>>> print(open('model_1.txt').read())   # compact mmCIF, C-alpha atoms
# COMPACT_ATOMS: atom_id res chain seq x y z
CA MET A 1 82.03 98.36 119.62
CA GLN A 2 80.29 101.73 119.71
CA GLN A 3 83.23 103.23 121.65
CA ILE A 4 85.62 102.07 118.94
CA VAL A 5 83.41 103.44 116.19
CA ASP A 6 83.18 106.78 118.01
CA PHE A 7 86.98 106.85 118.26
CA VAL A 8 87.49 106.02 114.59
CA LEU A 9 85.03 108.73 113.53
CA GLU A 10 86.78 111.21 115.82
CA LEU A 11 90.01 110.36 113.97
CA ASP A 12 88.34 111.58 110.80
CA LYS A 13 89.09 115.12 111.98
CA LEU A 14 92.82 114.61 111.40
CA LYS A 15 92.01 114.68 107.66
CA ALA A 16 91.10 118.34 108.15
CA VAL A 17 94.33 119.33 109.92
CA THR A 18 96.56 120.92 107.31
CA ARG A 19 100.34 121.08 107.35
CA LYS A 20 102.68 123.48 105.61
CA THR A 21 103.85 121.25 102.75
CA ARG A 22 101.88 120.50 99.59
CA PRO A 23 101.66 117.01 98.09
CA LEU A 24 103.68 116.81 94.88
CA GLY A 25 101.69 118.16 91.98
CA LEU A 26 98.77 119.35 94.11
CA GLU A 27 97.79 122.91 95.02
CA ARG A 28 96.25 122.08 98.37
CA LEU A 29 98.17 121.64 101.62
CA GLU A 30 98.97 118.19 102.94
CA ASN A 31 96.91 116.95 105.90
CA SER A 32 98.19 115.14 108.96
CA ALA A 33 96.26 111.90 108.29
CA GLU A 34 97.83 111.25 104.88
CA HIS A 35 101.21 112.37 106.26
CA SER A 36 100.93 109.76 109.03
CA TRP A 37 100.30 107.05 106.43
CA GLN A 38 103.25 108.13 104.32
CA ILE A 39 105.77 108.16 107.15
CA ALA A 40 104.58 104.75 108.38
CA MET A 41 105.34 103.45 104.87
CA MET A 42 108.66 105.28 104.82
CA ALA A 43 109.71 103.76 108.15
CA ALA A 44 108.94 100.27 106.84
CA ALA A 45 110.68 100.88 103.51
CA MET A 46 113.79 102.24 105.20
CA ALA A 47 114.13 99.27 107.56
CA PRO A 48 117.54 98.22 106.15
CA PHE A 49 118.94 101.52 107.43
CA ALA A 50 117.45 101.18 110.91
CA GLU A 51 119.39 99.93 113.91
CA PRO A 52 119.42 96.10 113.80
CA GLY A 53 116.78 94.50 116.01
CA LEU A 54 114.49 97.52 116.01
CA ASP A 55 110.83 96.69 116.71
CA MET A 56 109.35 98.01 113.45
CA PRO A 57 105.68 97.38 114.33
CA ARG A 58 106.15 99.66 117.36
CA VAL A 59 107.75 102.31 115.16
CA ILE A 60 104.79 102.12 112.79
CA GLY A 61 102.35 102.28 115.70
CA MET A 62 104.06 105.42 117.00
CA LEU A 63 103.97 107.10 113.61
CA LEU A 64 100.28 106.29 113.13
CA VAL A 65 99.31 107.90 116.45
CA HIS A 66 101.90 110.67 116.87
CA ASP A 67 99.89 113.50 115.25
CA ILE A 68 96.46 112.66 116.64
CA GLY A 69 96.69 115.45 119.24
CA GLU A 70 96.58 117.94 116.36
CA ILE A 71 92.86 117.21 116.09
CA ASP A 72 92.51 119.68 118.95
CA THR A 73 95.63 121.81 118.54
CA GLY A 74 96.30 122.01 114.79
CA ASP A 75 99.71 121.56 113.20
CA THR A 76 102.64 123.82 114.06
CA LEU A 77 105.61 124.40 111.81
CA VAL A 78 108.62 122.63 113.29
CA TYR A 79 110.55 125.93 113.02
CA VAL A 80 108.25 127.73 115.44
CA GLU A 81 110.24 127.65 118.64
CA ASP A 82 108.11 129.69 121.03
CA GLY A 83 105.49 128.01 123.14
CA TRP A 84 106.68 124.48 122.38
CA ALA A 85 106.09 123.25 125.94
CA GLU A 86 102.56 124.67 126.09
CA ARG A 87 101.83 123.15 122.73
CA LYS A 88 103.04 119.73 123.83
CA ALA A 89 100.91 119.93 126.99
CA ALA A 90 97.88 120.79 124.86
CA GLU A 91 98.60 117.88 122.53
CA ARG A 92 98.87 115.56 125.49
CA ALA A 93 95.51 116.70 126.85
CA ALA A 94 94.09 116.18 123.36
CA VAL A 95 95.27 112.59 123.01
CA GLN A 96 94.06 111.82 126.54
CA ARG A 97 90.61 113.02 125.46
CA ILE A 98 90.66 111.18 122.14
CA PHE A 99 92.19 107.88 123.29
CA GLY A 100 89.83 108.16 126.28
CA LEU A 101 86.94 107.46 123.91
CA LEU A 102 88.20 103.86 123.80
CA PRO A 103 87.97 101.03 126.33
CA GLU A 104 90.75 101.37 128.88
CA ALA A 105 93.17 98.75 127.55
CA GLN A 106 93.06 100.17 124.02
CA ALA A 107 93.45 103.71 125.29
CA ALA A 108 96.47 102.72 127.38
CA GLY A 109 98.13 100.99 124.42
CA PHE A 110 97.83 104.04 122.15
CA MET A 111 98.86 106.38 124.95
CA ALA A 112 102.01 104.34 125.58
CA LEU A 113 102.95 104.64 121.89
CA TRP A 114 102.27 108.38 121.88
CA LEU A 115 104.36 108.91 125.02
CA GLU A 116 107.21 106.76 123.76
CA PHE A 117 107.38 108.89 120.62
CA GLU A 118 107.27 112.14 122.58
CA GLU A 119 109.89 111.06 125.08
CA GLY A 120 112.26 109.89 122.37
CA ALA A 121 114.14 107.65 124.79
CA THR A 122 114.08 104.40 122.81
CA PRO A 123 115.79 103.54 119.51
CA GLU A 124 112.32 102.97 118.06
CA ALA A 125 111.17 106.46 119.06
CA ARG A 126 114.33 108.06 117.71
CA TYR A 127 114.06 106.23 114.40
CA ALA A 128 110.38 107.19 114.14
CA ASN A 129 111.23 110.81 114.87
CA ALA A 130 113.99 110.82 112.24
CA VAL A 131 111.53 109.60 109.62
CA ASP A 132 108.90 112.16 110.68
CA ARG A 133 111.43 115.00 110.50
CA ALA A 134 112.90 113.92 107.18
CA MET A 135 109.64 113.54 105.27
CA PRO A 136 108.74 117.24 104.85
CA ALA A 137 112.35 117.94 103.84
CA LEU A 138 112.14 115.24 101.16
CA LEU A 139 108.89 116.75 99.89
CA ASN A 140 110.41 120.22 99.88
CA LEU A 141 113.46 118.98 97.99
CA ALA A 142 111.14 117.46 95.38
CA ASN A 143 108.96 120.58 95.39
CA LYS A 144 111.62 123.23 94.69
CA GLY A 145 111.69 124.22 98.38
CA GLN A 146 107.97 125.14 98.45
CA SER A 147 107.32 125.45 102.18
CA TRP A 148 110.84 126.74 102.97
CA ARG A 149 110.36 129.56 100.50
CA GLU A 150 106.76 130.24 101.56
CA HIS A 151 107.82 130.55 105.20
CA GLY A 152 111.25 132.12 104.76
CA ILE A 153 113.19 129.19 106.22
CA SER A 154 116.94 129.25 105.58
CA HIS A 155 119.28 126.33 104.95
CA ALA A 156 120.91 126.97 108.32
CA ARG A 157 117.58 126.75 110.16
CA VAL A 158 116.68 123.51 108.40
CA VAL A 159 120.03 121.96 109.29
CA ALA A 160 119.85 123.21 112.88
CA ARG A 161 116.39 121.76 113.32
CA LEU A 162 116.82 118.43 111.54
CA GLN A 163 120.44 117.41 112.01
CA GLY A 164 120.26 116.32 115.65
CA PRO A 165 117.11 114.19 115.57
CA ILE A 166 117.70 112.63 112.16
CA ARG A 167 121.36 111.81 112.76
CA GLU A 168 120.48 110.32 116.12
CA GLY A 169 117.58 108.24 114.84
CA CYS A 170 118.96 107.13 111.49
CA PRO A 171 122.53 108.18 110.66
CA ALA A 172 122.35 106.95 107.04
CA LEU A 173 119.29 109.09 106.44
CA TRP A 174 121.06 112.18 107.72
CA ALA A 175 124.13 111.48 105.58
CA TYR A 176 121.87 111.32 102.54
CA LEU A 177 119.83 114.37 103.49
CA GLU A 178 122.80 116.55 104.42
CA ALA A 179 124.20 116.22 100.92
CA ARG A 180 120.80 116.89 99.33
CA LEU A 181 120.28 120.00 101.48
CA GLN A 182 123.69 121.32 100.52
CA ALA A 183 122.93 120.86 96.85
CA ALA A 184 119.57 122.56 97.35
CA GLN A 185 121.26 125.55 98.94
CA ALA A 186 123.46 125.87 95.88
CA GLN A 187 120.29 125.87 93.77
CA GLY A 188 118.65 128.57 95.91
CA LEU A 189 115.72 126.44 97.15
CA PHE A 190 115.63 128.02 100.62
CA GLY A 191 113.89 131.11 101.90
CA ALA A 192 115.53 133.98 103.80
CA MET B 1 118.72 105.29 100.05
CA GLN B 2 117.81 107.06 96.81
CA GLN B 3 115.64 104.09 95.77
CA ILE B 4 113.70 104.35 99.03
CA VAL B 5 113.28 108.10 98.66
CA ASP B 6 112.03 107.64 95.09
CA PHE B 7 109.53 105.07 96.36
CA VAL B 8 108.29 107.30 99.18
CA LEU B 9 107.84 110.24 96.81
CA GLU B 10 105.97 107.99 94.37
CA LEU B 11 103.61 107.14 97.26
CA ASP B 12 102.76 110.85 97.43
CA LYS B 13 100.49 110.27 94.43
CA LEU B 14 98.06 108.24 96.56
CA LYS B 15 97.13 111.55 98.22
CA ALA B 16 95.65 112.58 94.89
CA VAL B 17 93.49 109.45 94.42
CA THR B 18 89.99 110.35 95.51
CA ARG B 19 87.35 107.98 96.82
CA LYS B 20 83.56 108.33 96.87
CA THR B 21 83.09 109.23 100.54
CA ARG B 22 83.68 112.66 102.07
CA PRO B 23 85.45 113.15 105.40
CA LEU B 24 82.98 114.24 108.08
CA GLY B 25 82.37 117.95 107.88
CA LEU B 26 84.41 118.46 104.70
CA GLU B 27 83.18 119.17 101.19
CA ARG B 28 86.04 117.46 99.40
CA LEU B 29 86.26 113.73 98.69
CA GLU B 30 88.41 111.48 100.85
CA ASN B 31 91.71 110.29 99.37
CA SER B 32 93.16 106.80 99.55
CA ALA B 33 96.23 107.79 101.59
CA GLU B 34 94.27 109.20 104.54
CA HIS B 35 91.80 106.30 104.25
CA SER B 36 94.71 103.84 104.57
CA TRP B 37 95.81 105.58 107.77
CA GLN B 38 92.34 105.53 109.25
CA ILE B 39 91.70 101.84 108.64
CA ALA B 40 95.11 100.91 110.07
CA MET B 41 94.09 102.77 113.24
CA MET B 42 90.66 101.11 113.18
CA ALA B 43 92.18 97.65 112.89
CA ALA B 44 94.39 98.32 115.91
CA ALA B 45 91.56 99.86 117.95
CA MET B 46 89.25 96.94 117.20
CA ALA B 47 91.78 94.30 118.25
CA PRO B 48 89.59 92.98 121.12
CA PHE B 49 87.05 91.87 118.49
CA ALA B 50 89.61 90.14 116.28
CA GLU B 51 90.25 86.41 116.34
CA PRO B 52 92.60 85.64 119.26
CA GLY B 53 96.22 85.29 118.23
CA LEU B 54 95.87 87.40 115.10
CA ASP B 55 99.16 88.97 113.92
CA MET B 56 98.09 92.62 114.15
CA PRO B 57 101.29 94.14 112.71
CA ARG B 58 100.70 92.08 109.57
CA VAL B 59 97.11 93.32 109.41
CA ILE B 60 98.32 96.90 109.69
CA GLY B 61 100.99 96.30 107.05
CA MET B 62 98.37 94.95 104.66
CA LEU B 63 96.07 97.90 105.23
CA LEU B 64 98.89 100.40 104.67
CA VAL B 65 99.80 98.90 101.28
CA HIS B 66 96.48 97.58 99.99
CA ASP B 67 95.45 100.68 98.00
CA ILE B 68 98.84 101.61 96.54
CA GLY B 69 97.92 100.14 93.13
CA GLU B 70 95.33 102.91 92.81
CA ILE B 71 98.19 105.29 92.06
CA ASP B 72 97.98 103.92 88.52
CA THR B 73 94.36 102.74 88.36
CA GLY B 74 92.35 105.16 90.51
CA ASP B 75 89.72 104.10 93.03
CA THR B 76 86.64 102.12 91.99
CA LEU B 77 83.40 102.05 93.92
CA VAL B 78 83.02 98.66 95.60
CA TYR B 79 79.54 98.40 94.02
CA VAL B 80 80.90 98.44 90.47
CA GLU B 81 80.83 94.77 89.55
CA ASP B 82 81.90 94.78 85.91
CA GLY B 83 85.55 94.47 85.00
CA TRP B 84 86.68 93.54 88.50
CA ALA B 85 89.21 90.95 87.26
CA GLU B 86 90.77 93.38 84.77
CA ARG B 87 90.95 96.00 87.45
CA LYS B 88 92.69 93.67 89.88
CA ALA B 89 95.21 92.70 87.18
CA ALA B 90 95.91 96.38 86.55
CA GLU B 91 96.38 97.02 90.28
CA ARG B 92 98.77 94.12 90.49
CA ALA B 93 100.84 95.48 87.60
CA ALA B 94 100.80 98.86 89.36
CA VAL B 95 102.12 97.58 92.67
CA GLN B 96 104.76 95.54 90.86
CA ARG B 97 105.93 98.76 89.24
CA ILE B 98 105.78 100.81 92.44
CA PHE B 99 107.26 98.26 94.86
CA GLY B 100 109.82 97.58 92.11
CA LEU B 101 111.31 101.01 92.83
CA LEU B 102 112.69 99.50 96.04
CA PRO B 103 115.58 97.13 96.68
CA GLU B 104 114.46 93.56 96.10
CA ALA B 105 113.96 92.44 99.72
CA GLN B 106 111.78 95.46 100.55
CA ALA B 107 109.78 95.05 97.35
CA ALA B 108 109.17 91.38 98.12
CA GLY B 109 107.99 92.17 101.66
CA PHE B 110 105.41 94.71 100.51
CA MET B 111 104.32 92.50 97.62
CA ALA B 112 103.71 89.61 100.02
CA LEU B 113 101.47 91.84 102.15
CA TRP B 114 99.59 93.10 99.11
CA LEU B 115 99.03 89.56 97.79
CA GLU B 116 97.97 88.23 101.18
CA PHE B 117 95.32 90.94 101.38
CA GLU B 118 94.09 90.29 97.84
CA GLU B 119 93.96 86.52 98.29
CA GLY B 120 92.05 86.78 101.54
CA ALA B 121 93.10 83.30 102.61
CA THR B 122 94.43 84.08 106.10
CA PRO B 123 92.55 85.28 109.19
CA GLU B 124 94.71 88.43 109.07
CA ALA B 125 93.68 89.20 105.49
CA ARG B 126 90.02 88.55 106.24
CA TYR B 127 90.08 90.80 109.30
CA ALA B 128 91.87 93.53 107.33
CA ASN B 129 89.30 93.25 104.56
CA ALA B 130 86.41 93.46 107.04
CA VAL B 131 87.84 96.71 108.43
CA ASP B 132 88.42 98.13 104.94
CA ARG B 133 84.85 97.30 103.88
CA ALA B 134 83.27 98.61 107.07
CA MET B 135 84.99 102.01 107.14
CA PRO B 136 83.11 103.70 104.27
CA ALA B 137 79.83 102.35 105.67
CA LEU B 138 80.65 103.88 109.06
CA LEU B 139 81.41 107.22 107.39
CA ASN B 140 78.19 107.03 105.38
CA LEU B 141 76.19 106.25 108.50
CA ALA B 142 77.71 109.33 110.16
CA ASN B 143 77.23 111.39 107.00
CA LYS B 144 73.50 110.80 106.42
CA GLY B 145 74.22 108.22 103.70
CA GLN B 146 76.18 110.71 101.55
CA SER B 147 77.87 108.42 99.04
CA TRP B 148 74.98 105.90 98.99
CA ARG B 149 72.58 108.65 98.04
CA GLU B 150 74.99 110.30 95.58
CA HIS B 151 75.49 106.99 93.77
CA GLY B 152 72.01 105.50 94.15
CA ILE B 153 73.10 102.54 96.28
CA SER B 154 70.26 100.68 98.05
CA HIS B 155 70.29 99.02 101.46
CA ALA B 156 70.06 95.61 99.78
CA ARG B 157 73.18 96.30 97.67
CA VAL B 158 75.15 97.46 100.69
CA VAL B 159 74.19 94.35 102.65
CA ALA B 160 74.90 92.05 99.68
CA ARG B 161 78.33 93.58 99.22
CA LEU B 162 79.46 93.89 102.83
CA GLN B 163 77.82 91.05 104.73
CA GLY B 164 80.02 88.19 103.48
CA PRO B 165 83.46 89.76 103.89
CA ILE B 166 82.73 91.59 107.15
CA ARG B 167 80.99 88.65 108.82
CA GLU B 168 83.82 86.37 107.78
CA GLY B 169 86.60 88.68 108.91
CA CYS B 170 85.08 90.08 112.09
CA PRO B 171 81.67 88.70 113.13
CA ALA B 172 81.19 91.23 115.94
CA LEU B 173 81.68 94.10 113.51
CA TRP B 174 79.05 92.70 111.18
CA ALA B 175 76.58 92.20 114.05
CA TYR B 176 77.05 95.86 114.96
CA LEU B 177 76.87 97.11 111.38
CA GLU B 178 73.86 95.03 110.40
CA ALA B 179 71.77 96.69 113.08
CA ARG B 180 73.04 100.17 112.14
CA LEU B 181 72.27 99.58 108.45
CA GLN B 182 68.77 98.43 109.29
CA ALA B 183 68.14 101.55 111.35
CA ALA B 184 69.55 103.68 108.52
CA GLN B 185 67.15 102.09 106.08
CA ALA B 186 64.27 103.04 108.33
CA GLN B 187 65.61 106.63 108.27
CA GLY B 188 65.83 106.65 104.45
CA LEU B 189 69.63 107.10 104.25
CA PHE B 190 70.04 104.93 101.15
CA GLY B 191 69.75 105.76 97.49
CA ALA B 192 67.51 103.98 94.96
>>> encode(input="model_1.txt", output="structure tokens")
Amino acid sequence: MQQIVDFVLELDKLKAVTRKTRPLGLERLENSAEHSWQIAMMAAAMAPFAEPGLDMPRVIGMLLVHDIGEIDTGDTLVYVEDGWAERKAAERAAVQRIFGLLPEAQAAGFMALWLEFEEGATPEARYANAVDRAMPALLNLANKGQSWREHGISHARVVARLQGPIREGCPALWAYLEARLQAAQAQGLFGA
Amino acid sequence: MQQIVDFVLELDKLKAVTRKTRPLGLERLENSAEHSWQIAMMAAAMAPFAEPGLDMPRVIGMLLVHDIGEIDTGDTLVYVEDGWAERKAAERAAVQRIFGLLPEAQAAGFMALWLEFEEGATPEARYANAVDRAMPALLNLANKGQSWREHGISHARVVARLQGPIREGCPALWAYLEARLQAAQAQGLFGA
């Protein structure tokens, strides 16, 4: 039991990892723990638009664990393209350390979810990734483009970065988002 | 899709609902969204101590939705005993409003999880409740009794409030916690 408690208290550090978006109506930056909760809820709520037969509990498990490596590495803006491989290796070392606080069977279960998400080879991982990618865009759309404008991200860069993974993981979500992004461009909500 | 997006953006407000505990090493108060993430992870990590055959995805679903009513009502300290029934009625009205943003089938699914947690009649609900009750105590134990001291909560009140639900939902967790709380009393980590 002490191993599990140590693990859960280690997880507390994800509440201190800040992202680039701000929660609606708040001045502070969003953190990765509350983001993980929100996308788990989004995945469940959007189930009617997921591929039939998808294992939703596995999707939710992946989304709950996918950012835990940031406890050691911090969050990186999805538009930063340099050093992605090094960053992923560092995140992997981080989750090995953190899941390693647990008894072996528990550690292996979480590691399998983390790897499935990273590899993106299953419909569940692709759907989970689509939800994860779409969420900050939805917040930005509701927030007058806050993090796009703060970081000088253009409409073209958003589309280039999100289109592939979201369309692959949840085509209906991309169809919706593509139209919203186009409208946002017309309104001048992007940077650059 | 727009209904689901509206729902997910409404959930953003749970990031602004503050609790009484502080994340380890941070000055600010914890919010209910990041708390929901952490207890979902704790429930999964503690699976070896759950009743055999427990439906863990349902436990996790309950923990992800159980605090959503606080978007309208705010968080209440578990030691506040007056007005509990009124508060629960208000939370129920709140989740009916919030889940009601979704298409009917999705709303009904989340509502069923929320009600199962509140009613506490299944082993899954009792285990989920044990985890939810234990988490702030674990943070307080790691935080030198921070919220107990700030709110003048004695060892006897903590035991009276936590023993029943935690012992019922996860006996091994109570056995662990009981000993920790006793040691904390000897160290003077309680208020009053």
>>> interface_residues(input="model_1.txt", of="chain A", to="chain B", cutoff="9 Å", atoms="all atoms listed in the file", output="count of residues only")
54
>>> atom_distance(input="model_1.txt", atom1="atom CA of A:His66", atom2="atom CA of A:Phe117")
6.9 Å
>>> residues_around(input="model_1.txt", residues="A:Ala94", least_positions_apart="2", cutoff="8 Å", atoms="only C-alpha atoms", output="short mmCIF file (atom, residue, chain, number, x, y, z; two decimals) with C-alpha atoms, in the frame of the given file")
data_model
loop_
_atom_site.label_atom_id
_atom_site.label_comp_id
_atom_site.auth_asym_id
_atom_site.auth_seq_id
_atom_site.Cartn_x
_atom_site.Cartn_y
_atom_site.Cartn_z
CA ILE A 68 96.46 112.66 116.64
CA GLY A 69 96.69 115.45 119.24
CA GLU A 70 96.58 117.94 116.36
CA ILE A 71 92.86 117.21 116.09
CA ASP A 72 92.51 119.68 118.95
CA THR A 73 95.63 121.81 118.54
CA ALA A 90 97.88 120.79 124.86
CA GLU A 91 98.60 117.88 122.53
CA ARG A 92 98.87 115.56 125.49
CA GLN A 96 94.06 111.82 126.54
CA ARG A 97 90.61 113.02 125.46
CA ILE A 98 90.66 111.18 122.14
#
>>> atom_distance(input="model_1.txt", atom1="atom CA of A:Ala108", atom2="atom CA of B:Ala50")
18.1 Å
>>> atom_distance(input="model_1.txt", atom1="atom CA of B:Ala121", atom2="atom CA of B:Pro165")
11.7 Å
>>> closest_residue(input="model_1.txt", among="B:Ala192, B:Glu86, B:Leu181, B:Val59", to="B:Pro123", atoms="only C-alpha atoms")
B:Val59
>>> closest_residue(input="model_1.txt", among="A:Gly83, A:Gly145, A:Gly152, A:Gly164", to="A:Arg180", atoms="all atoms listed in the file")
A:Gly145
>>> build_atoms(input="model_1.txt", residues="stretch 13-27 of chain A", atoms="N, CA and C atoms", output="PDB file, in the coordinates of the input")
ATOM      1  N   LYS A  13      88.742 113.692 111.927  1.00  0.00           N
ATOM      2  CA  LYS A  13      89.090 115.120 111.980  1.00  0.00           C
ATOM      3  C   LYS A  13      90.542 115.389 111.628  1.00  0.00           C
ATOM      4  N   LEU A  14      91.417 114.375 111.744  1.00  0.00           N
ATOM      5  CA  LEU A  14      92.820 114.610 111.400  1.00  0.00           C
ATOM      6  C   LEU A  14      92.976 114.859 109.890  1.00  0.00           C
ATOM      7  N   LYS A  15      91.986 114.429 109.109  1.00  0.00           N
ATOM      8  CA  LYS A  15      92.010 114.680 107.660  1.00  0.00           C
ATOM      9  C   LYS A  15      91.817 116.169 107.357  1.00  0.00           C
ATOM     10  N   ALA A  16      91.336 116.906 108.340  1.00  0.00           N
ATOM     11  CA  ALA A  16      91.100 118.340 108.150  1.00  0.00           C
ATOM     12  C   ALA A  16      92.216 119.196 108.735  1.00  0.00           C
ATOM     13  N   VAL A  17      93.212 118.575 109.343  1.00  0.00           N
ATOM     14  CA  VAL A  17      94.330 119.330 109.920  1.00  0.00           C
ATOM     15  C   VAL A  17      95.392 119.496 108.829  1.00  0.00           C
ATOM     16  N   THR A  18      95.611 120.720 108.409  1.00  0.00           N
ATOM     17  CA  THR A  18      96.560 120.920 107.310  1.00  0.00           C
ATOM     18  C   THR A  18      97.944 121.271 107.830  1.00  0.00           C
ATOM     19  N   ARG A  19      98.946 120.828 107.069  1.00  0.00           N
ATOM     20  CA  ARG A  19     100.340 121.080 107.350  1.00  0.00           C
ATOM     21  C   ARG A  19     100.848 122.199 106.430  1.00  0.00           C
ATOM     22  N   LYS A  20     102.160 122.374 106.394  1.00  0.00           N
ATOM     23  CA  LYS A  20     102.680 123.480 105.610  1.00  0.00           C
ATOM     24  C   LYS A  20     103.163 123.063 104.212  1.00  0.00           C
ATOM     25  N   THR A  21     103.401 121.760 104.047  1.00  0.00           N
ATOM     26  CA  THR A  21     103.850 121.250 102.750  1.00  0.00           C
ATOM     27  C   THR A  21     102.659 120.944 101.850  1.00  0.00           C
ATOM     28  N   ARG A  22     102.927 120.893 100.547  1.00  0.00           N
ATOM     29  CA  ARG A  22     101.880 120.500  99.590  1.00  0.00           C
ATOM     30  C   ARG A  22     102.280 119.167  98.972  1.00  0.00           C
ATOM     31  N   PRO A  23     101.317 118.249  98.801  1.00  0.00           N
ATOM     32  CA  PRO A  23     101.660 117.010  98.090  1.00  0.00           C
ATOM     33  C   PRO A  23     102.162 117.355  96.691  1.00  0.00           C
ATOM     34  N   LEU A  24     103.070 116.549  96.187  1.00  0.00           N
ATOM     35  CA  LEU A  24     103.680 116.810  94.880  1.00  0.00           C
ATOM     36  C   LEU A  24     102.589 116.915  93.807  1.00  0.00           C
ATOM     37  N   GLY A  25     102.627 118.001  93.083  1.00  0.00           N
ATOM     38  CA  GLY A  25     101.690 118.160  91.980  1.00  0.00           C
ATOM     39  C   GLY A  25     100.311 118.655  92.378  1.00  0.00           C
ATOM     40  N   LEU A  26     100.080 118.868  93.667  1.00  0.00           N
ATOM     41  CA  LEU A  26      98.770 119.350  94.110  1.00  0.00           C
ATOM     42  C   LEU A  26      98.888 120.775  94.648  1.00  0.00           C
ATOM     43  N   GLU A  27      97.799 121.527  94.515  1.00  0.00           N
ATOM     44  CA  GLU A  27      97.790 122.910  95.020  1.00  0.00           C
ATOM     45  C   GLU A  27      97.497 122.968  96.512  1.00  0.00           C
TER      46      GLU A  27
END
